[in-house]
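Student: File input.cif below, mmCIF, C-alpha atoms:
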data_protein
loop_
_atom_site.label_atom_id
_atom_site.label_comp_id
_atom_site.auth_asym_id
_atom_site.auth_seq_id
_atom_site.Cartn_x
_atom_site.Cartn_y
_atom_site.Cartn_z
CA MET A 1 126.42 87.53 51.88
CA LYS A 2 128.81 85.59 54.05
CA ASN A 3 127.61 83.88 57.17
CA THR A 4 123.95 84.22 56.29
CA PRO A 5 121.83 84.44 59.44
CA THR A 6 119.76 81.35 60.06
CA THR A 7 117.73 82.16 63.19
CA LEU A 8 115.43 85.09 63.85
CA ALA A 9 117.73 86.34 66.62
CA GLU A 10 120.66 86.31 64.19
CA TRP A 11 118.62 88.15 61.57
CA LEU A 12 117.55 90.85 64.01
CA ASP A 13 121.15 91.38 65.08
CA TYR A 14 122.20 91.51 61.41
CA ILE A 15 119.60 94.01 60.22
CA GLU A 16 120.36 96.30 63.16
CA ARG A 17 123.91 96.68 61.83
CA GLN A 18 123.30 97.19 58.12
CA HIS A 19 122.65 100.94 58.03
CA PRO A 20 124.80 103.59 59.71
CA ALA A 21 121.74 105.38 61.12
CA SER A 22 118.93 103.76 63.09
CA ILE A 23 116.53 106.25 61.48
CA ASP A 24 117.08 107.48 57.90
CA MET A 25 113.81 108.88 56.66
CA GLY A 26 113.02 108.65 52.95
CA LEU A 27 111.31 106.29 50.52
CA GLU A 28 113.80 105.89 47.69
CA ARG A 29 115.75 102.97 49.17
CA VAL A 30 112.75 101.01 50.38
CA ARG A 31 110.87 101.59 47.09
CA THR A 32 113.86 100.32 45.11
CA VAL A 33 113.97 97.09 47.09
CA ALA A 34 110.18 96.67 47.03
CA THR A 35 110.29 96.90 43.24
CA ALA A 36 113.08 94.33 43.08
CA MET A 37 110.97 92.04 45.29
CA GLY A 38 107.99 92.45 42.97
CA LEU A 39 105.81 93.69 45.80
CA GLY A 40 102.40 95.01 44.84
CA THR A 41 99.44 95.71 47.07
CA PRO A 42 99.67 93.67 50.29
CA ALA A 43 95.96 92.74 50.36
CA ARG A 44 92.69 93.28 48.54
CA HIS A 45 92.12 96.27 50.83
CA THR A 46 94.63 98.28 52.85
CA ILE A 47 94.28 100.72 55.75
CA VAL A 48 97.29 102.74 56.94
CA VAL A 49 97.16 104.16 60.48
CA GLY A 50 99.30 107.14 61.49
CA GLY A 51 99.22 109.67 64.31
CA THR A 52 101.06 110.55 67.52
CA ASN A 53 99.10 108.39 70.00
CA GLY A 54 96.47 105.69 69.66
CA LYS A 55 97.83 104.01 66.52
CA GLY A 56 98.31 100.55 68.02
CA SER A 57 94.89 100.50 69.68
CA THR A 58 93.19 101.69 66.50
CA VAL A 59 94.91 98.94 64.52
CA ALA A 60 93.74 96.41 67.11
CA PHE A 61 90.11 97.57 66.78
CA ILE A 62 90.20 97.51 62.96
CA GLU A 63 91.79 94.06 62.98
CA ALA A 64 89.32 92.61 65.52
CA ILE A 65 86.22 93.98 63.78
CA ALA A 66 87.37 92.82 60.35
CA ARG A 67 88.15 89.35 61.69
CA ALA A 68 84.73 89.22 63.36
CA ALA A 69 83.31 89.97 59.91
CA GLY A 70 85.05 86.86 58.58
CA TRP A 71 87.87 88.57 56.72
CA LYS A 72 91.44 87.31 56.57
CA VAL A 73 93.48 90.13 58.10
CA GLY A 74 97.15 91.00 58.42
CA ALA A 75 98.35 93.64 60.90
CA TYR A 76 101.78 95.27 61.01
CA THR A 77 102.65 97.29 64.12
CA SER A 78 105.71 98.63 65.90
CA PRO A 79 107.55 98.64 68.18
CA HIS A 80 107.10 95.28 69.86
CA LEU A 81 107.00 94.73 73.60
CA LEU A 82 108.36 91.24 74.28
CA ARG A 83 108.97 89.47 70.95
CA TYR A 84 109.68 90.78 67.46
CA ASN A 85 107.00 88.39 66.13
CA GLU A 86 104.33 90.67 67.67
CA ARG A 87 104.94 93.12 64.81
CA VAL A 88 103.41 90.89 62.13
CA ARG A 89 100.07 89.16 62.70
CA ILE A 90 98.10 87.09 60.22
CA ASP A 91 94.66 85.80 61.14
CA GLY A 92 95.13 87.05 64.67
CA GLN A 93 98.38 85.11 65.25
CA ASP A 94 101.92 86.40 65.46
CA VAL A 95 103.92 84.97 62.56
CA ASP A 96 106.49 82.38 63.57
CA ASP A 97 110.27 82.61 63.40
CA ALA A 98 110.55 80.50 60.26
CA ALA A 99 108.21 82.76 58.28
CA LEU A 100 110.11 85.88 59.33
CA VAL A 101 113.47 84.28 58.49
CA ALA A 102 112.19 83.36 55.03
CA ALA A 103 110.92 86.90 54.48
CA PHE A 104 114.20 88.47 55.60
CA ASN A 105 116.03 86.17 53.19
CA THR A 106 113.78 87.45 50.39
CA VAL A 107 114.52 91.07 51.31
CA GLU A 108 118.24 90.40 51.51
CA ALA A 109 118.32 88.68 48.12
CA ALA A 110 116.56 91.65 46.51
CA ARG A 111 118.35 94.60 48.09
CA GLY A 112 121.71 94.30 46.32
CA ASP A 113 123.89 97.21 47.46
CA VAL A 114 120.97 99.21 48.91
CA THR A 115 121.32 99.77 52.65
CA LEU A 116 118.15 99.47 54.73
CA THR A 117 117.35 100.45 58.30
CA TYR A 118 116.00 97.96 60.82
CA PHE A 119 112.47 99.30 60.33
CA GLU A 120 112.74 99.20 56.53
CA TYR A 121 113.84 95.55 56.60
CA GLY A 122 110.93 94.75 58.88
CA THR A 123 108.40 96.61 56.76
CA LEU A 124 109.46 94.89 53.54
CA ALA A 125 109.42 91.50 55.28
CA ALA A 126 105.90 92.15 56.57
CA LEU A 127 104.67 93.24 53.13
CA GLN A 128 106.14 90.06 51.63
CA LEU A 129 104.41 87.88 54.22
CA PHE A 130 101.11 89.68 53.63
CA ALA A 131 101.41 89.36 49.85
CA ASP A 132 101.91 85.60 50.25
CA ALA A 133 98.92 85.22 52.62
CA ASP A 134 96.05 86.17 50.26
CA LEU A 135 94.59 88.71 52.67
CA ASP A 136 91.26 90.48 52.51
CA LEU A 137 92.68 93.38 54.56
CA ALA A 138 96.12 94.62 55.58
CA VAL A 139 96.31 97.15 58.43
CA LEU A 140 99.66 98.93 58.54
CA GLU A 141 100.85 101.16 61.39
CA VAL A 142 103.18 104.01 60.51
CA GLY A 143 106.46 103.84 62.39
CA LEU A 144 107.52 107.51 62.52
CA GLY A 145 105.77 110.49 60.97
CA GLY A 146 104.14 109.42 57.73
CA ARG A 147 105.37 111.19 54.63
CA LEU A 148 108.83 109.58 54.68
CA ASP A 149 108.00 106.43 56.67
CA ALA A 150 108.65 103.09 54.95
CA VAL A 151 104.97 102.11 55.29
CA ASN A 152 104.11 105.01 52.99
CA ILE A 153 105.28 103.12 49.91
CA VAL A 154 101.82 101.49 50.11
CA ASP A 155 98.92 103.40 48.58
CA ALA A 156 96.20 102.74 51.13
CA ASP A 157 92.49 102.61 50.35
CA VAL A 158 91.87 104.45 53.64
CA ALA A 159 94.25 106.48 55.81
CA VAL A 160 93.71 107.13 59.52
CA ILE A 161 95.38 109.92 61.49
CA THR A 162 94.49 109.33 65.14
CA THR A 163 95.98 112.37 66.90
CA VAL A 164 98.70 114.95 66.28
CA ASP A 165 100.85 116.18 69.14
CA ILE A 166 104.47 116.99 69.91
CA ASP A 167 106.75 113.94 69.74
CA HIS A 168 109.91 113.07 67.78
CA ALA A 169 110.34 116.83 67.25
CA GLU A 170 113.92 116.36 66.01
CA TRP A 171 112.54 114.43 63.03
CA LEU A 172 109.06 115.83 62.50
CA GLY A 173 109.07 119.47 63.61
CA GLU A 174 108.59 121.59 66.70
CA ASP A 175 104.83 122.27 66.56
CA ARG A 176 101.55 120.56 65.69
CA GLU A 177 101.32 122.18 62.26
CA ALA A 178 104.73 120.95 61.15
CA ILE A 179 104.14 117.49 62.62
CA GLY A 180 100.66 117.38 61.06
CA ALA A 181 102.18 118.03 57.63
CA GLU A 182 104.40 114.97 58.08
CA LYS A 183 101.54 112.80 59.35
CA ALA A 184 99.39 113.92 56.41
CA GLY A 185 101.83 112.37 53.96
CA ILE A 186 99.86 109.10 54.17
CA ILE A 187 96.76 110.76 52.67
CA ARG A 188 96.05 109.72 49.09
CA GLY A 189 94.21 111.59 46.39
CA TRP A 190 90.47 110.96 46.18
CA LYS A 191 90.69 108.39 48.99
CA PRO A 192 89.12 108.71 52.46
CA VAL A 193 91.14 109.87 55.44
CA ILE A 194 89.77 109.43 58.95
CA LEU A 195 90.77 112.21 61.35
CA GLY A 196 90.34 111.05 64.93
CA GLU A 197 90.66 114.49 66.50
CA THR A 198 87.86 117.02 66.66
CA ASP A 199 90.34 119.81 65.89
CA PRO A 200 93.18 118.46 63.72
CA PRO A 201 95.99 120.79 62.60
CA SER A 202 95.16 122.92 59.58
CA SER A 203 98.14 121.37 57.79
CA VAL A 204 96.35 118.01 57.80
CA LEU A 205 93.13 119.48 56.46
CA ALA A 206 95.05 121.47 53.84
CA ARG A 207 96.73 118.30 52.56
CA ALA A 208 93.39 116.48 52.34
CA TYR A 209 91.81 119.36 50.40
CA LEU A 210 94.86 119.73 48.14
CA VAL A 211 94.75 116.12 46.94
CA GLY A 212 90.97 115.79 46.92
CA ALA A 213 90.80 113.30 49.78
CA ASN A 214 87.52 112.82 51.60
CA ALA A 215 88.30 113.98 55.16
CA ILE A 216 86.00 112.20 57.65
CA ARG A 217 86.33 113.92 61.01
CA GLY A 218 85.52 112.64 64.48
CA GLY A 219 83.06 114.94 66.19
CA SER A 220 81.93 116.35 62.85
CA ASP A 221 81.24 113.55 60.35
CA TYR A 222 80.93 110.74 62.88
CA PHE A 223 80.25 110.78 66.62
CA TYR A 224 80.84 108.54 69.63
CA GLU A 225 79.57 108.91 73.16
CA PRO A 226 79.17 106.71 76.24
CA ILE A 227 75.66 105.55 77.12
CA ASP A 228 76.50 103.98 80.49
CA ALA A 229 79.33 101.94 82.02
CA GLN A 230 78.61 98.98 79.75
CA ARG A 231 77.66 100.59 76.44
CA TRP A 232 78.54 103.38 74.03
CA ARG A 233 77.14 104.68 70.77
CA TRP A 234 78.76 105.30 67.37
CA ARG A 235 76.80 107.19 64.73
CA ASP A 236 77.05 109.04 61.46
CA VAL A 237 74.41 110.33 59.07
CA GLY A 238 73.20 106.89 58.04
CA THR A 239 74.11 104.56 60.90
CA ARG A 240 73.68 104.16 64.66
CA LEU A 241 75.51 101.41 66.49
CA GLU A 242 75.12 100.57 70.18
CA LEU A 243 78.26 98.73 71.26
CA PRO A 244 79.83 97.19 74.36
CA THR A 245 82.40 99.31 76.18
CA PRO A 246 85.84 98.23 74.91
CA THR A 247 87.85 95.83 77.02
CA LEU A 248 90.81 98.15 76.41
CA ALA A 249 90.81 100.54 79.35
CA GLY A 250 90.52 104.32 79.29
CA PRO A 251 88.12 106.89 77.85
CA ILE A 252 90.43 107.49 74.86
CA GLN A 253 89.62 103.99 73.59
CA LEU A 254 86.19 105.20 72.48
CA ALA A 255 87.96 107.64 70.16
CA ASN A 256 90.25 104.89 68.87
CA ALA A 257 87.36 102.46 68.36
CA GLY A 258 85.35 105.25 66.74
CA ALA A 259 88.10 105.96 64.23
CA ALA A 260 88.44 102.23 63.50
CA ILE A 261 84.72 101.93 62.74
CA ALA A 262 84.85 105.00 60.51
CA ALA A 263 87.84 103.54 58.63
CA LEU A 264 86.10 100.22 57.95
CA ARG A 265 82.91 101.96 56.87
CA ALA A 266 84.98 104.09 54.48
CA LEU A 267 86.16 100.91 52.74
CA ASP A 268 82.56 100.56 51.58
CA ARG A 269 82.61 96.80 52.04
CA PRO A 270 79.74 95.15 53.91
CA VAL A 271 80.34 94.37 57.59
CA PRO A 272 77.73 92.23 59.39
CA ARG A 273 76.09 94.29 62.12
CA ALA A 274 77.08 91.79 64.82
CA ALA A 275 80.76 92.11 63.83
CA TRP A 276 80.99 95.71 65.06
CA ALA A 277 80.12 94.73 68.62
CA ALA A 278 82.07 91.47 68.55
CA GLY A 279 85.20 93.20 67.27
CA VAL A 280 85.06 96.08 69.76
CA ALA A 281 84.73 93.57 72.60
CA ALA A 282 87.49 91.31 71.28
CA ALA A 283 90.20 93.91 70.60
CA ARG A 284 93.30 93.42 72.75
CA ILE A 285 96.70 95.08 72.87
CA ALA A 286 99.34 94.81 75.57
CA GLY A 287 100.68 97.77 77.50
CA ARG A 288 97.68 100.08 77.22
CA LEU A 289 96.56 100.63 80.81
CA GLN A 290 96.95 96.87 81.12
CA ALA A 291 95.64 95.79 84.51
CA PHE A 292 97.12 93.40 87.04
CA GLU A 293 96.49 92.77 90.73
CA ARG A 294 99.11 91.92 93.33
CA ASP A 295 97.99 91.33 96.94
CA GLY A 296 95.19 93.86 96.78
CA VAL A 297 97.26 96.44 94.86
CA GLN A 298 96.12 97.40 91.37
CA VAL A 299 98.95 97.62 88.85
CA ARG A 300 98.55 99.48 85.54
CA VAL A 301 101.16 99.20 82.78
CA ASP A 302 101.18 101.69 79.92
CA VAL A 303 103.50 102.59 77.05
CA GLY A 304 102.56 106.29 77.20
CA HIS A 305 105.66 108.42 76.63
CA ASN A 306 104.62 111.97 75.71
CA PRO A 307 102.47 114.68 77.35
CA GLN A 308 99.38 113.94 75.27
CA ALA A 309 99.47 110.26 76.26
CA ALA A 310 100.13 111.22 79.88
CA GLY A 311 97.09 113.50 79.82
CA GLN A 312 94.96 110.62 78.60
CA LEU A 313 96.40 108.44 81.37
CA ALA A 314 95.46 111.07 83.93
CA ARG A 315 91.87 111.19 82.66
CA ALA A 316 91.62 107.41 82.69
CA LEU A 317 92.96 107.13 86.24
CA LYS A 318 90.64 109.86 87.50
CA ALA A 319 87.71 107.94 86.02
CA GLU A 320 88.65 104.80 87.99
CA ALA A 321 87.68 104.25 91.60
CA SER A 322 90.82 104.00 93.71
CA PRO A 323 90.48 104.21 97.50
CA GLY A 324 94.22 104.46 98.13
CA ARG A 325 97.26 106.26 96.80
CA THR A 326 98.51 106.26 93.22
CA LEU A 327 102.21 105.41 93.07
CA ALA A 328 104.05 105.90 89.78
CA VAL A 329 107.11 104.15 88.38
CA TYR A 330 108.37 106.34 85.54
CA ALA A 331 111.26 105.55 83.19
CA ALA A 332 111.73 107.56 80.00
CA LEU A 333 114.06 107.84 77.03
CA GLN A 334 116.25 110.93 77.07
CA ASP A 335 114.65 112.53 73.98
CA LYS A 336 111.17 112.71 75.53
CA ASP A 337 109.43 115.66 77.19
CA ALA A 338 109.65 114.28 80.72
CA VAL A 339 108.63 117.57 82.31
CA GLY A 340 105.42 117.71 80.26
CA VAL A 341 104.65 114.09 81.14
CA VAL A 342 105.00 114.64 84.89
CA GLN A 343 103.00 117.86 84.76
CA ALA A 344 100.14 116.03 83.01
CA LEU A 345 99.97 113.48 85.83
CA GLN A 346 100.89 115.55 88.88
CA ASP A 347 97.30 115.87 90.10
CA VAL A 348 96.81 112.09 90.03
CA VAL A 349 100.10 110.63 91.23
CA GLY A 350 100.84 110.94 94.93
CA GLU A 351 104.31 109.39 94.96
CA TRP A 352 106.94 109.07 92.23
CA THR A 353 109.74 106.55 91.69
CA LEU A 354 112.11 107.09 88.77
CA ALA A 355 113.94 104.21 87.09
CA GLY A 356 116.80 103.98 84.62
CA LEU A 357 116.70 102.60 81.09
CA ASP A 358 119.65 101.09 79.22
CA GLY A 359 120.49 101.64 75.55
CA ALA A 360 121.71 104.50 73.38
CA ARG A 361 118.60 106.59 74.07
CA GLY A 362 118.23 105.51 77.69
CA GLN A 363 119.15 107.44 80.81
CA SER A 364 119.73 106.73 84.47
CA ALA A 365 117.17 107.56 87.13
CA ALA A 366 119.47 110.32 88.42
CA GLU A 367 119.72 111.87 84.95
CA LEU A 368 115.95 111.77 84.61
CA GLN A 369 115.53 113.33 88.06
CA ALA A 370 117.88 116.18 87.14
CA ARG A 371 115.57 117.07 84.26
CA LEU A 372 112.59 117.04 86.61
CA ALA A 373 114.01 119.41 89.22
CA ASP A 374 111.03 121.80 89.07
CA THR A 375 108.27 119.18 88.98
CA ALA A 376 106.32 116.98 91.36
CA ALA A 377 108.91 114.25 90.74
CA ALA A 378 111.85 116.38 91.93
CA THR A 379 112.18 114.40 95.18
CA ALA A 380 111.23 111.01 93.72
CA ALA A 381 112.81 107.80 94.93
CA LEU A 382 115.36 106.39 92.48
CA ALA A 383 115.94 102.85 91.20
CA GLY A 384 118.51 101.47 88.82
CA THR A 385 116.02 99.55 86.70
CA VAL A 386 112.28 99.29 86.16
CA GLU A 387 112.33 95.86 87.78
CA GLN A 388 114.02 97.20 90.91
CA ALA A 389 111.57 100.10 91.04
CA MET A 390 108.60 97.77 90.84
CA ALA A 391 109.93 95.59 93.64
CA GLN A 392 110.48 98.67 95.82
CA VAL A 393 107.11 100.26 95.15
CA LEU A 394 105.06 97.09 95.51
CA ALA A 395 106.87 96.31 98.78
CA ARG A 396 105.55 99.54 100.32
CA ALA A 397 102.19 99.71 98.55
CA GLU A 398 99.15 98.88 100.65
CA ARG A 399 95.86 97.23 99.80
CA GLY A 400 93.72 99.61 97.78
CA ASP A 401 96.73 101.47 96.38
CA ARG A 402 97.29 101.75 92.63
CA VAL A 403 100.68 101.48 90.93
CA LEU A 404 101.18 103.00 87.48
CA VAL A 405 104.25 101.83 85.53
CA PHE A 406 104.80 103.81 82.35
CA GLY A 407 107.04 106.01 80.22
CA SER A 408 108.06 104.03 77.12
CA PHE A 409 107.71 100.70 75.35
CA HIS A 410 110.95 99.66 77.10
CA THR A 411 109.42 100.50 80.48
CA ALA A 412 106.24 98.57 79.74
CA ALA A 413 108.18 95.57 78.43
CA ALA A 414 110.33 95.41 81.57
CA ALA A 415 107.24 95.71 83.74
CA LEU A 416 105.37 92.96 81.92
CA GLN A 417 108.35 90.61 82.14
CA TRP A 418 108.72 91.33 85.87
CA LEU A 419 105.02 90.71 86.47
CA GLN A 420 105.21 87.42 84.55
CA ALA A 421 108.21 86.33 86.62
CA HIS A 422 106.43 87.27 89.88
CA ALA A 423 102.96 85.98 89.07
#
Just give me the structure as structure tokens.
Tutor:
Amino acid sequence: MKNTPTTLAEWLDYIERQHPASIDMGLERVRTVATAMGLGTPARHTIVVGGTNGKGSTVAFIEAIARAAGWKVGAYTSPHLLRYNERVRIDGQDVDDAALVAAFNTVEAARGDVTLTYFEYGTLAALQLFADADLDLAVLEVGLGGRLDAVNIVDADVAVITTVDIDHAEWLGEDREAIGAEKAGIIRGWKPVILGETDPPSSVLARAYLVGANAIRGGSDYFYEPIDAQRWRWRDVGTRLELPTPTLAGPIQLANAGAAIAALRALDRPVPRAAWAAGVAAARIAGRLQAFERDGVQVRVDVGHNPQAAGQLARALKAEASPGRTLAVYAALQDKDAVGVVQALQDVVGEWTLAGLDGARGQSAAELQARLADTAAATAALAGTVEQAMAQVLARAERGDRVLVFGSFHTAAAALQWLQAHA
């Protein structure tokens, strides 16, 4: 390769240009390169986390509990918010640029004439870094779907499917059953699969039964319920745990923490009792109802980008005490169900501001508004960017009001950068 990249920024620019499609689902290419790299299992134990919503939070809970138990843990997640390094963590720390550059060099040397997508490069680099780190546990988040996602070259000891709902329909299918069949591709024969939903699609259950996987279902095989504002309970047939309410905000985080506990118990490796509570309390992830305060105004930043996530946001906001109005800044990619998102939040949000997003999948605020003509956001204020929208909304917000900024990872990233710059 001529002009070999030397910095992480150069590598990221390079890998973005190496495949004609940003998404090209299938395992043949990535398996070929993994074999050439000599990649085996990334850790002594591996958990793969798939699903429509809740993947990142569930990974964070698994990682935090396992680290509290004294294990050496690697976590691979996507997409990132502010820095690519966020995607690969070892021992609770984002890997540095030099380690990523070395891993990308290894991938490049092994791939020959095989073209890889951006995500495939990143997955192989993460697996190389984990293999070199002598990990007790690797926790891998599926990027898109499951069956044909690059992460699925790894045979996990435990699979987790958090939720199944409509998203990425152009790739995964138009209904929950079709999407569930894709998500269920991470299930392995005779291995446990944790199903975070009380009522998962029948396609997921059918796959588990077909391959002889032990399906462990939330609300059926394990249970979680709040005790009071400070505590909640997790239980199955043989265990009862009383735990602190997660620092991560929102009622849905009990479901995510519950699935994480079930996944670690399914590994059948001892976890000190104190580690369950310590890990639940320690778990952190940016952009999940992340809270800030500006001059008496509460600001919440969330990556939620589909109707199911918006419904969870609505429930979380209703559960919070807010004496004033709720003002929303919403910016979405053009392939998302914006109407469904607004409908899920229309009973909570009193005033809407729409913002534009750049990029191939982005859209202007006016284009977004045109799609929302028959919704509560039909007469929303418009702003060119998320940053401009935040400045406008916070300028007119009053003490006691609540501002929700959400709609995509791009939206959350812009919001977090603006809040940092205006701290």
Student: Could you give me, as CSV, every stretch 245-266 of chain A residue with an atom at most 12 Å from stretch 135-148 of chain A, plus its closest atom pair and distance in Å to one decimal, counting all atoms listed in the file, rows ordered by chain then number?
Tutor:
residue,atom,partner,partner_atom,distance
A:Ala260,CA,A:Val139,CA,10.7
A:Ala263,CA,A:Val139,CA,10.6
A:Leu264,CA,A:Leu137,CA,10.1
Student: Identify which of the residues A:Ser408, A:Thr375, A:Gln290, A:Asn256 lies closest to A:Asp335, counting only C-alpha atoms when measuring atom-to-atom distances.
Tutor: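 Distance minimum relative to A:Asp335 lands on A:Ser408.
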Student: Rounded to one decimal, what separation in Å do you get between atom CA of A:Arg399 and atom CA of A:Gln298?
Tutor: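 Those two atoms sit 8.4 Å apart.
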Student: What do you get, as a PyMOL selection string, if you spell out every residue that the PyMOL selection byres ((chain A and resi 416-421) around 8) selects here?
Tutor: chain A and resi 82+301+387+412-415+422-423
Student: Identify all residues satisfying the PyMOL selection byres ((chain A and resi 258) around 8) in the given file; provide them as a list in words.
Tutor: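 Expected selection for the PyMOL selection byres ((chain A and resi 258) around 8) here is Gly196, Gly218, Phe223, Tyr224, Trp234, Leu254, Ala255, Asn256, Ala257, Ala259, Ala260, Ile261 and Ala262 of chain A.
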Student: Apply the PyMOL selection byres ((chain A and resi 239-245) around 8) to the structure shown and report the selected residues as a list in words.
Tutor: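 Applied to this file, the PyMOL selection byres ((chain A and resi 239-245) around 8) selects Ala229, Gln230, Arg231, Trp232, Arg233, Trp234, Arg235, Asp236, Val237, Gly238, Pro246, Thr247, Leu254, Trp276, Ala277, Val280 and Ala281 of chain A.
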Student: Considering only C-alpha atoms, return as a PyMOL selection string whatever protein or nucleic-acid residues lie within 9 Å of A:Leu12, sequence-local ones (same chain, fewer than 6 positions apart) excluded.
Tutor: chain A and resi 5+84+118
Student: Would you write out, as JSON lines, a table of all residues in stretch 172-237 of chain A that have an atom no more than 12 Å from an atom of stretch 50-71 of chain A, listing for each the closest atom pair and the distance in Å to one decimal, considering only C-alpha atoms and ordering rows by chain and rising residue number?
Tutor:
{"residue": "A:Leu172", "atom": "CA", "partner": "A:Thr52", "partner_atom": "CA", "distance": 10.8}
{"residue": "A:Arg176", "atom": "CA", "partner": "A:Thr52", "partner_atom": "CA", "distance": 10.2}
{"residue": "A:Ile179", "atom": "CA", "partner": "A:Thr52", "partner_atom": "CA", "distance": 9.0}
{"residue": "A:Gly180", "atom": "CA", "partner": "A:Gly51", "partner_atom": "CA", "distance": 8.5}
{"residue": "A:Ala181", "atom": "CA", "partner": "A:Gly51", "partner_atom": "CA", "distance": 11.1}
{"residue": "A:Glu182", "atom": "CA", "partner": "A:Gly51", "partner_atom": "CA", "distance": 9.7}
{"residue": "A:Lys183", "atom": "CA", "partner": "A:Gly51", "partner_atom": "CA", "distance": 6.3}
{"residue": "A:Ala184", "atom": "CA", "partner": "A:Gly50", "partner_atom": "CA", "distance": 8.5}
{"residue": "A:Gly185", "atom": "CA", "partner": "A:Gly50", "partner_atom": "CA", "distance": 9.5}
{"residue": "A:Ile186", "atom": "CA", "partner": "A:Gly50", "partner_atom": "CA", "distance": 7.6}
{"residue": "A:Ile187", "atom": "CA", "partner": "A:Gly50", "partner_atom": "CA", "distance": 9.9}
{"residue": "A:Val193", "atom": "CA", "partner": "A:Gly50", "partner_atom": "CA", "distance": 10.5}
{"residue": "A:Ile194", "atom": "CA", "partner": "A:Gly50", "partner_atom": "CA", "distance": 10.1}
{"residue": "A:Leu195", "atom": "CA", "partner": "A:Gly51", "partner_atom": "CA", "distance": 9.3}
{"residue": "A:Gly196", "atom": "CA", "partner": "A:Gly51", "partner_atom": "CA", "distance": 9.0}
{"residue": "A:Glu197", "atom": "CA", "partner": "A:Gly51", "partner_atom": "CA", "distance": 10.1}
{"residue": "A:Pro200", "atom": "CA", "partner": "A:Gly51", "partner_atom": "CA", "distance": 10.7}
{"residue": "A:Pro201", "atom": "CA", "partner": "A:Gly51", "partner_atom": "CA", "distance": 11.7}
{"residue": "A:Val204", "atom": "CA", "partner": "A:Gly51", "partner_atom": "CA", "distance": 11.0}
Student: Please indicate the distance in Å from atom CA of A:Ile90 to atom CA of A:Gly74, rounded to one decimal place.
Tutor: 4.4 Å
Student: Around (116.2, 110.4, 77.9) in the file's own coordinates, what residues are found within 7 Å if you use all atoms listed in the file, given back as a list of chain:residue names?
Tutor: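 Residues satisfying the cut-off, written out: A:Ala332, A:Leu333, A:Gln334, A:Asp335, A:Lys336, A:Arg361, A:Gly362, A:Gln363, A:Leu368.
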Student: Which value, in Å to one decimal, gives the distance between atom CA of A:Thr163 and atom CA of A:Ile47?
Tutor: 16.2 Å
Student: Nearest residue to A:Gly340 out of A:Val114, A:Leu27, A:Val73, A:Ala309, using all atoms listed in the file?
Tutor: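 For A:Gly340, the nearest of the given residues is A:Ala309.
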Student: Which residues are near stretch 376-386 of chain A? Cut-off 6 Å, all atoms listed in the file, ignore same chain within fewer than 5 positions. Put them as a ChimeraX atom specification.
Tutor: /A:352-356,365
Student: Could those residues be written to a file, using C-alpha atoms, as a compact mmCIF listing (two decimals), keeping the file's coordinate frame?
Tutor:
# COMPACT_ATOMS: atom_id res chain seq x y z
CA TRP A 352 106.94 109.07 92.23
CA THR A 353 109.74 106.55 91.69
CA LEU A 354 112.11 107.09 88.77
CA ALA A 355 113.94 104.21 87.09
CA GLY A 356 116.80 103.98 84.62
CA ALA A 365 117.17 107.56 87.13
Student: Have a look at A:Arg87, A:His410, A:Arg269, A:Arg44 and name the one nearest to A:Lys72; count only C-alpha atoms.
Tutor: A:Arg44
Student: Pick the closest to A:His45 from A:Ala328, A:Leu267, A:Ala395, A:Gly400: which is it, counting all atoms listed in the file?
Tutor: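 Checking each candidate against A:His45, we get A:Leu267 as the closest.
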Student: Tell me, as number ranges by chain, which residues lie within 12 Å of A:Met37, counting all atoms listed in the file; anything in the same chain fewer than 4 positions away does not count.
Tutor: A: 30-33, 103-112, 124-125, 127-129, 131
Student: Could you tell me which of A:Ala215, A:Val154, A:Ile227, A:Met25 comes closest to A:Gly40 if we count all atoms listed in the file?
Tutor: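 The answer is A:Val154, which sits nearest to A:Gly40.
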Student: Taking all atoms listed in the file into account, which of A:Thr35, A:Gln253, A:Gln312, A:Thr411 comes nearest A:Ala331?
Tutor: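 Closest residue, counting all atoms listed in the file: A:Thr411.
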